[in-house]
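Structure file my_file.csv with CSV, C-alpha atoms:
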```
chain,number,residue,atom,x,y,z
G,1,MET,CA,14.5,6.6,-36.6
G,2,LYS,CA,16.2,10.0,-36.2
G,3,ASN,CA,19.5,8.3,-35.4
G,4,SER,CA,19.3,6.0,-38.5
G,5,LEU,CA,18.6,9.0,-40.7
G,6,PHE,CA,21.5,10.9,-39.2
G,7,VAL,CA,23.8,7.9,-39.9
G,8,LEU,CA,22.5,7.6,-43.4
G,9,PHE,CA,23.1,11.4,-44.0
G,10,LEU,CA,26.7,11.1,-42.6
G,11,SER,CA,27.4,8.1,-44.8
G,12,PHE,CA,26.0,10.0,-47.9
G,13,ILE,CA,28.3,13.0,-47.1
G,14,CYS,CA,31.4,10.8,-46.6
G,15,CYS,CA,30.8,8.7,-49.7
G,16,ASN,CA,30.1,11.7,-51.9
G,17,ASN,CA,33.2,13.5,-50.6
G,18,ALA,CA,35.3,10.5,-51.3
G,19,LYS,CA,34.2,10.5,-54.9
G,20,VAL,CA,34.7,14.2,-55.5
G,21,GLU,CA,37.4,14.8,-58.2
G,22,THR,CA,38.9,18.0,-59.5
G,23,PRO,CA,36.4,19.3,-62.1
G,24,THR,CA,37.6,19.0,-65.7
G,25,LYS,CA,37.8,22.1,-67.8
G,26,ASP,CA,34.8,23.2,-69.9
G,27,TYR,CA,36.0,22.7,-73.5
G,28,LYS,CA,32.7,23.9,-74.9
G,29,SER,CA,34.0,26.9,-76.8
G,30,THR,CA,37.1,25.0,-77.9
G,31,ASN,CA,35.0,22.2,-79.3
G,32,ASN,CA,32.7,24.7,-81.0
G,33,GLU,CA,35.6,26.4,-82.6
G,34,ALA,CA,37.1,23.1,-83.7
G,35,LEU,CA,33.9,22.0,-85.4
G,36,ASP,CA,33.6,25.4,-87.2
G,37,TYR,CA,37.2,25.0,-88.4
G,38,CYS,CA,36.5,21.4,-89.6
G,39,LYS,CA,33.4,22.5,-91.5
G,40,LYS,CA,35.1,25.4,-93.2
G,41,ASN,CA,38.3,23.5,-94.1
G,42,GLY,CA,37.0,20.2,-95.2
G,43,PHE,CA,38.1,18.2,-92.1
G,44,ASN,CA,36.5,15.2,-90.5
G,45,GLU,CA,33.3,16.5,-88.8
G,46,ASP,CA,32.7,13.3,-86.6
G,47,TYR,CA,35.6,13.9,-84.2
G,48,TYR,CA,38.9,15.7,-83.5
G,49,PHE,CA,41.8,15.2,-81.1
G,50,LEU,CA,42.3,17.8,-78.3
G,51,LEU,CA,45.6,17.7,-76.3
G,52,ASP,CA,45.5,19.9,-73.2
G,53,LEU,CA,49.1,20.2,-72.1
G,54,SER,CA,48.1,22.4,-69.1
G,55,ILE,CA,47.1,19.1,-67.4
G,56,HIS,CA,49.7,17.2,-65.3
G,57,PRO,CA,51.7,14.8,-67.5
G,58,GLY,CA,50.7,11.8,-65.3
G,59,LYS,CA,47.0,12.4,-66.1
G,60,ASN,CA,44.9,11.9,-69.2
G,61,ARG,CA,45.3,14.9,-71.5
G,62,PHE,CA,44.8,13.5,-75.0
G,63,PHE,CA,41.1,13.6,-75.7
G,64,VAL,CA,39.1,12.2,-78.6
G,65,TYR,CA,36.1,14.5,-78.8
G,66,ASP,CA,33.0,13.2,-80.6
G,67,PHE,CA,31.2,16.1,-82.3
G,68,LYS,CA,28.0,14.1,-82.9
G,69,GLU,CA,27.7,12.8,-79.3
G,70,ASN,CA,29.0,16.0,-77.9
G,71,LYS,CA,31.3,14.2,-75.5
G,72,ILE,CA,34.9,12.9,-75.0
G,73,SER,CA,34.8,9.3,-76.3
G,74,ASP,CA,38.3,8.3,-75.4
G,75,LYS,CA,41.3,9.7,-73.5
G,76,ASN,CA,44.8,8.8,-72.5
G,77,LEU,CA,48.3,10.1,-71.5
G,78,VAL,CA,50.5,12.0,-74.0
G,79,THR,CA,54.1,13.3,-73.8
G,80,HIS,CA,55.3,16.8,-74.1
G,81,GLY,CA,58.7,18.2,-75.3
G,82,SER,CA,61.7,18.6,-73.0
G,83,CYS,CA,62.3,22.1,-74.4
G,84,ASP,CA,65.8,22.3,-72.9
G,85,GLN,CA,68.0,22.7,-75.9
G,86,PHE,CA,68.5,26.5,-75.8
G,87,GLU,CA,67.8,27.3,-72.2
G,88,GLU,CA,67.5,25.6,-68.8
G,89,ASN,CA,64.1,24.1,-68.2
G,90,PRO,CA,64.0,22.9,-64.6
G,91,ASP,CA,60.2,22.4,-64.6
G,92,LYS,CA,60.3,20.3,-67.8
G,93,TRP,CA,58.9,17.1,-66.3
G,94,GLU,CA,55.7,18.6,-65.0
G,95,LYS,CA,55.0,21.6,-67.2
G,96,ALA,CA,55.1,22.0,-71.0
G,97,LYS,CA,56.9,24.9,-72.6
G,98,PHE,CA,56.3,25.9,-76.2
G,99,SER,CA,58.4,27.0,-79.1
G,100,ASN,CA,58.2,26.6,-82.9
G,101,LYS,CA,62.0,27.0,-83.1
G,102,THR,CA,63.9,24.2,-85.0
G,103,ASP,CA,65.8,21.8,-82.7
G,104,SER,CA,64.2,23.3,-79.5
G,105,HIS,CA,62.7,19.9,-78.5
G,106,CYS,CA,59.6,21.9,-77.4
G,107,SER,CA,56.0,21.2,-77.9
G,108,MET,CA,54.1,23.5,-80.2
G,109,LYS,CA,50.6,24.9,-79.6
G,110,GLY,CA,48.0,25.2,-82.2
G,111,LYS,CA,45.9,23.4,-84.8
G,112,TYR,CA,47.4,20.6,-86.9
G,113,LYS,CA,46.2,18.6,-89.9
G,114,ILE,CA,47.0,14.9,-89.3
G,115,GLY,CA,48.7,13.9,-92.5
G,116,LYS,CA,50.1,10.8,-94.1
G,117,ARG,CA,50.5,7.5,-92.2
G,118,ASP,CA,54.1,6.4,-92.3
G,119,TYR,CA,56.7,4.0,-90.7
G,120,SER,CA,58.0,4.8,-87.3
G,121,SER,CA,60.9,3.2,-85.5
G,122,TRP,CA,59.0,3.8,-82.2
G,123,GLY,CA,56.2,1.9,-80.6
G,124,ILE,CA,53.9,0.0,-83.0
G,125,ASN,CA,56.0,1.3,-85.9
G,126,VAL,CA,53.3,3.8,-87.1
G,127,LYS,CA,53.5,7.5,-87.2
G,128,TYR,CA,51.3,10.3,-88.7
G,129,TRP,CA,52.8,13.4,-90.0
G,130,LEU,CA,51.5,16.6,-88.4
G,131,HIS,CA,51.1,19.7,-90.5
G,132,GLY,CA,51.1,22.9,-88.4
G,133,LEU,CA,48.3,25.3,-89.5
G,134,GLU,CA,49.4,28.3,-87.4
G,135,LYS,CA,52.4,30.5,-86.8
G,136,THR,CA,53.0,28.7,-83.5
G,137,ASN,CA,53.5,25.3,-85.2
G,138,GLU,CA,54.4,25.9,-88.8
G,139,ASN,CA,57.7,24.1,-88.5
G,140,ALA,CA,56.2,20.8,-87.4
G,141,VAL,CA,57.1,18.9,-90.6
G,142,LYS,CA,60.6,20.4,-90.7
G,143,ARG,CA,61.1,19.4,-87.1
G,144,VAL,CA,59.6,15.9,-87.7
G,145,VAL,CA,57.1,16.4,-84.9
G,146,VAL,CA,54.7,13.5,-85.5
G,147,LEU,CA,52.0,11.6,-83.8
G,148,HIS,CA,53.4,8.2,-82.7
G,149,SER,CA,53.5,5.7,-79.9
G,150,TRP,CA,56.2,4.8,-77.4
G,151,SER,CA,56.3,1.8,-75.2
G,152,ALA,CA,57.5,4.0,-72.3
G,153,VAL,CA,54.2,5.8,-72.2
G,154,SER,CA,51.6,4.2,-69.9
G,155,SER,CA,48.0,3.2,-71.0
G,156,LYS,CA,46.6,4.5,-67.7
G,157,GLU,CA,47.1,7.5,-65.4
G,158,ILE,CA,50.2,7.4,-63.3
G,159,TYR,CA,49.8,10.6,-61.3
G,160,PRO,CA,51.7,11.9,-59.3
G,161,LYS,CA,54.4,10.2,-61.5
G,162,VAL,CA,55.0,11.8,-64.9
G,163,SER,CA,55.2,10.6,-68.5
G,164,PRO,CA,58.5,10.5,-70.3
G,165,LEU,CA,59.6,13.6,-72.3
G,166,SER,CA,59.7,13.8,-76.1
G,167,TRP,CA,61.5,16.1,-78.5
G,168,GLY,CA,58.2,17.8,-79.2
G,169,CYS,CA,56.2,14.9,-80.5
G,170,PRO,CA,52.8,14.0,-78.9
G,171,ALA,CA,53.6,10.3,-78.2
G,172,VAL,CA,51.0,8.0,-76.7
G,173,SER,CA,50.9,4.4,-75.4
G,174,ASP,CA,51.1,1.5,-77.9
G,175,ALA,CA,47.6,0.4,-77.0
G,176,PHE,CA,46.1,3.9,-77.5
G,177,MET,CA,47.9,4.4,-80.8
G,178,ARG,CA,46.4,1.2,-82.1
G,179,LYS,CA,42.9,2.7,-81.4
G,180,LEU,CA,43.9,6.0,-83.0
G,181,ASP,CA,45.4,4.3,-86.0
G,182,THR,CA,42.2,2.3,-86.6
G,183,ARG,CA,40.2,5.5,-86.5
G,184,LEU,CA,42.5,7.5,-88.7
G,185,GLN,CA,42.7,4.8,-91.4
G,186,LYS,CA,38.9,4.8,-91.7
G,187,SER,CA,38.7,8.6,-92.0
G,188,GLU,CA,38.0,9.9,-95.5
G,189,LYS,CA,38.8,13.4,-94.5
G,190,PRO,CA,41.8,14.9,-92.7
G,191,VAL,CA,41.5,14.9,-88.9
G,192,LEU,CA,42.2,17.9,-86.7
G,193,LEU,CA,44.6,17.7,-83.8
G,194,TRP,CA,44.7,20.7,-81.5
G,195,ILE,CA,47.3,21.3,-78.8
G,196,ILE,CA,46.2,23.9,-76.1
G,197,ASP,CA,47.6,25.0,-72.8
```
Encoding of this model in structure tokens:
Amino acid sequence: MKNSLFVLFLSFICCNNAKVETPTKDYKSTNNEALDYCKKNGFNEDYYFLLDLSIHPGKNRFFVYDFKENKISDKNLVTHGSCDQFEENPDKWEKAKFSNKTDSHCSMKGKYKIGKRDYSSWGINVKYWLHGLEKTNENAVKRVVVLHSWSAVSSKEIYPKVSPLSWGCPAVSDAFMRKLDTRLQKSEKPVLLWIID
């Protein structure tokens, strides 16, 4: 009996160790701030989009956060900008750099209002204009940094490989964009998109 309990204990340890994953960040304060922002500014209070570009670009880092359920309801890969127009950026494939500068091809941190649905020559031919709401992203429209899809972006995690680079746009897979597009078309209020690092 002792031997079987010992074997059971060992198998429990092995199995649990095999399933241990790197803990995800606690976005509680970010989600609370996002909800407060949405309430004060007339944005959609059902959900928002959180893009954490500190996460490896081969892993899911575009999160649809459901305020009512208090959980991430969907997630996928998203590109970041190459940020190599004005200086060398040897780490560009694995680490996002940020700049609001025109023609920098960098990603831009901060909160955005997702604006008008429009035609895109990329992916499923749909893009949404992004209106930067902070000093760190106020040139988004001028730079034509938009939310769109790209067939080169995978619909599932590819770590340790990386997603392709953009010119600053948060580009997602065609399949994920179809889901986002359905959501956004149903929303009667603007939706918040927030890029963090």
Protein/DNA/RNA residues near (51.6, 22.8, -76.5), cut 10 Å, all atoms listed in the file, as a PDB file with C-alpha atoms, in the coordinates of the input:
```pdb
ATOM      1  CA  LEU G  51      45.600  17.700 -76.300  1.00  0.00           C
ATOM      2  CA  ASP G  52      45.500  19.900 -73.200  1.00  0.00           C
ATOM      3  CA  LEU G  53      49.100  20.200 -72.100  1.00  0.00           C
ATOM      4  CA  SER G  54      48.100  22.400 -69.100  1.00  0.00           C
ATOM      5  CA  HIS G  80      55.300  16.800 -74.100  1.00  0.00           C
ATOM      6  CA  GLY G  81      58.700  18.200 -75.300  1.00  0.00           C
ATOM      7  CA  LYS G  95      55.000  21.600 -67.200  1.00  0.00           C
ATOM      8  CA  ALA G  96      55.100  22.000 -71.000  1.00  0.00           C
ATOM      9  CA  LYS G  97      56.900  24.900 -72.600  1.00  0.00           C
ATOM     10  CA  PHE G  98      56.300  25.900 -76.200  1.00  0.00           C
ATOM     11  CA  SER G  99      58.400  27.000 -79.100  1.00  0.00           C
ATOM     12  CA  ASN G 100      58.200  26.600 -82.900  1.00  0.00           C
ATOM     13  CA  CYS G 106      59.600  21.900 -77.400  1.00  0.00           C
ATOM     14  CA  SER G 107      56.000  21.200 -77.900  1.00  0.00           C
ATOM     15  CA  MET G 108      54.100  23.500 -80.200  1.00  0.00           C
ATOM     16  CA  LYS G 109      50.600  24.900 -79.600  1.00  0.00           C
ATOM     17  CA  GLY G 110      48.000  25.200 -82.200  1.00  0.00           C
ATOM     18  CA  THR G 136      53.000  28.700 -83.500  1.00  0.00           C
ATOM     19  CA  ASN G 137      53.500  25.300 -85.200  1.00  0.00           C
ATOM     20  CA  GLY G 168      58.200  17.800 -79.200  1.00  0.00           C
ATOM     21  CA  CYS G 169      56.200  14.900 -80.500  1.00  0.00           C
ATOM     22  CA  PRO G 170      52.800  14.000 -78.900  1.00  0.00           C
ATOM     23  CA  TRP G 194      44.700  20.700 -81.500  1.00  0.00           C
ATOM     24  CA  ILE G 195      47.300  21.300 -78.800  1.00  0.00           C
ATOM     25  CA  ILE G 196      46.200  23.900 -76.100  1.00  0.00           C
ATOM     26  CA  ASP G 197      47.600  25.000 -72.800  1.00  0.00           C
TER      27      ASP G 197
END
```
### Query
Do you know which residues lie at most 12 Å from (69.0, 25.7, -75.6), with coordinates as in the file and all atoms listed in the file counted, and could you write them as a ChimeraX atom specification?
/G:82-89,99,101-106
### Task
Write out as a list in words the residues lying within 7 Å of range 145-150 of chain G, counting all atoms listed in the file and excluding same-chain residues fewer than 5 positions away.
Trp122, Gly123, Ile124, Val126, Lys127, Tyr128, Trp129, Leu130, Ala140, Gly168, Cys169, Pro170, Ala171, Val172, Ser173, Asp174 and Met177 of chain G
Restricted to C-alpha atoms, what would the selected residues look like written as a compact mmCIF listing (two decimals), in the frame of the given file?
```
# COMPACT_ATOMS: atom_id res chain seq x y z
CA TRP G 122 59.00 3.80 -82.20
CA GLY G 123 56.20 1.90 -80.60
CA ILE G 124 53.90 0.00 -83.00
CA VAL G 126 53.30 3.80 -87.10
CA LYS G 127 53.50 7.50 -87.20
CA TYR G 128 51.30 10.30 -88.70
CA TRP G 129 52.80 13.40 -90.00
CA LEU G 130 51.50 16.60 -88.40
CA ALA G 140 56.20 20.80 -87.40
CA GLY G 168 58.20 17.80 -79.20
CA CYS G 169 56.20 14.90 -80.50
CA PRO G 170 52.80 14.00 -78.90
CA ALA G 171 53.60 10.30 -78.20
CA VAL G 172 51.00 8.00 -76.70
CA SER G 173 50.90 4.40 -75.40
CA ASP G 174 51.10 1.50 -77.90
CA MET G 177 47.90 4.40 -80.80
```
#### Entry: Between CA of Lys186 in chain G and CA of Phe49 in chain G - distance in Å to one decimal
15.1 Å
### Message
Could you check the closest approach to Lys92 in chain G for each of G:Lys116, G:Lys68, G:His56, G:Lys135 and tell me which residue wins, using all atoms listed in the file?
### Response
G:His56
### Task
Determine the nearest neighbour of Lys161 in chain G from the options G:Lys142, G:Lys59, G:Lys28, G:Arg117, counting all atoms listed in the file.
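Closest to Lys161 in chain G, using all atoms listed in the file: G:Lys59.
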Between range 33-54 of chain G and range 188-193 of chain G, at 8 Å or less, what are the per-residue closest atom pairs and their distances in Å? Count all atoms listed in the file, order by chain and rising residue number, and return it as a tab-separated table.
```
residue	atom	partner	partner_atom	distance
G:Ala34	CA	G:Leu192	CA	7.9
G:Cys38	CA	G:Leu192	CA	7.3
G:Gly42	CA	G:Lys189	CA	7.1
G:Phe43	CA	G:Pro190	CA	5.0
G:Asn44	CA	G:Lys189	CA	5.0
G:Tyr47	CA	G:Val191	CA	7.6
G:Tyr48	CA	G:Leu192	CA	5.1
G:Phe49	CA	G:Leu193	CA	4.6
G:Leu50	CA	G:Leu193	CA	6.0
G:Leu51	CA	G:Leu193	CA	7.6
```
### Query
Taking only C-alpha atoms into account, which of G:Ser73, G:Thr79, G:Thr30, G:Thr182 comes nearest Ser166 in chain G?
G:Thr79
### Task
Enter the distance from CA of Lys179 in chain G to CA of Arg61 in chain G, in Å, rounded to one decimal.
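Between CA of Lys179 in chain G and CA of Arg61 in chain G the gap works out to 15.9 Å.
Using all atoms listed in the file, the contacts of Gly58 in chain G at a cut-off of 7 Å, with sequence neighbours closer than 5 positions omitted, comprise Leu77, Glu157, Ile158, Tyr159, Pro160, Lys161, Val162 and Ser163 of chain G.
Taking CA of Phe176 in chain G and CA of Lys75 in chain G as endpoints, the distance between them is 8.5 Å.
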N, CA, C and O atoms are what I want for range 113-129 of chain G; can you complete it accordingly and write them as a compact mmCIF listing (two decimals), in the frame of the given file?
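And here is the file that came out, result.txt:
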```txt
# COMPACT_ATOMS: atom_id res chain seq x y z
N LYS G 113 46.86 19.59 -89.04
CA LYS G 113 46.20 18.60 -89.90
C LYS G 113 46.99 17.31 -89.75
O LYS G 113 48.22 17.31 -89.91
N ILE G 114 46.30 16.21 -89.40
CA ILE G 114 47.00 14.90 -89.30
C ILE G 114 47.12 14.42 -90.77
O ILE G 114 46.15 14.24 -91.49
N GLY G 115 48.37 14.21 -91.15
CA GLY G 115 48.70 13.90 -92.50
C GLY G 115 48.92 12.38 -92.76
O GLY G 115 48.29 11.52 -92.14
N LYS G 116 49.86 12.11 -93.62
CA LYS G 116 50.10 10.80 -94.10
C LYS G 116 50.57 9.80 -93.00
O LYS G 116 51.34 10.14 -92.11
N ARG G 117 50.06 8.58 -93.10
CA ARG G 117 50.50 7.50 -92.20
C ARG G 117 51.83 6.97 -92.78
O ARG G 117 51.99 6.78 -93.97
N ASP G 118 52.79 6.72 -91.87
CA ASP G 118 54.10 6.40 -92.30
C ASP G 118 54.76 5.41 -91.29
O ASP G 118 54.21 5.18 -90.20
N TYR G 119 55.93 4.89 -91.64
CA TYR G 119 56.70 4.00 -90.70
C TYR G 119 57.35 4.79 -89.63
O TYR G 119 57.89 5.87 -89.86
N SER G 120 57.32 4.25 -88.43
CA SER G 120 58.00 4.80 -87.30
C SER G 120 58.92 3.76 -86.65
O SER G 120 58.54 2.59 -86.59
N SER G 121 60.07 4.17 -86.18
CA SER G 121 60.90 3.20 -85.50
C SER G 121 60.54 3.10 -84.01
O SER G 121 61.14 2.37 -83.25
N TRP G 122 59.52 3.84 -83.60
CA TRP G 122 59.00 3.80 -82.20
C TRP G 122 57.73 3.05 -82.10
O TRP G 122 56.96 2.96 -83.05
N GLY G 123 57.49 2.52 -80.92
CA GLY G 123 56.20 1.90 -80.60
C GLY G 123 55.73 0.86 -81.55
O GLY G 123 56.44 -0.10 -81.84
N ILE G 124 54.51 1.05 -82.08
CA ILE G 124 53.90 0.00 -83.00
C ILE G 124 54.35 0.26 -84.43
O ILE G 124 53.76 -0.30 -85.35
N ASN G 125 55.39 1.08 -84.61
CA ASN G 125 56.00 1.30 -85.90
C ASN G 125 55.05 2.08 -86.89
O ASN G 125 55.12 1.91 -88.11
N VAL G 126 54.19 2.92 -86.31
CA VAL G 126 53.30 3.80 -87.10
C VAL G 126 53.40 5.20 -86.64
O VAL G 126 53.44 5.45 -85.44
N LYS G 127 53.50 6.11 -87.59
CA LYS G 127 53.50 7.50 -87.20
C LYS G 127 52.58 8.26 -88.24
O LYS G 127 52.36 7.78 -89.36
N TYR G 128 52.06 9.39 -87.80
CA TYR G 128 51.30 10.30 -88.70
C TYR G 128 51.97 11.63 -88.69
O TYR G 128 52.24 12.22 -87.64
N TRP G 129 52.23 12.11 -89.90
CA TRP G 129 52.80 13.40 -90.00
C TRP G 129 51.84 14.50 -89.58
O TRP G 129 50.64 14.39 -89.84
```
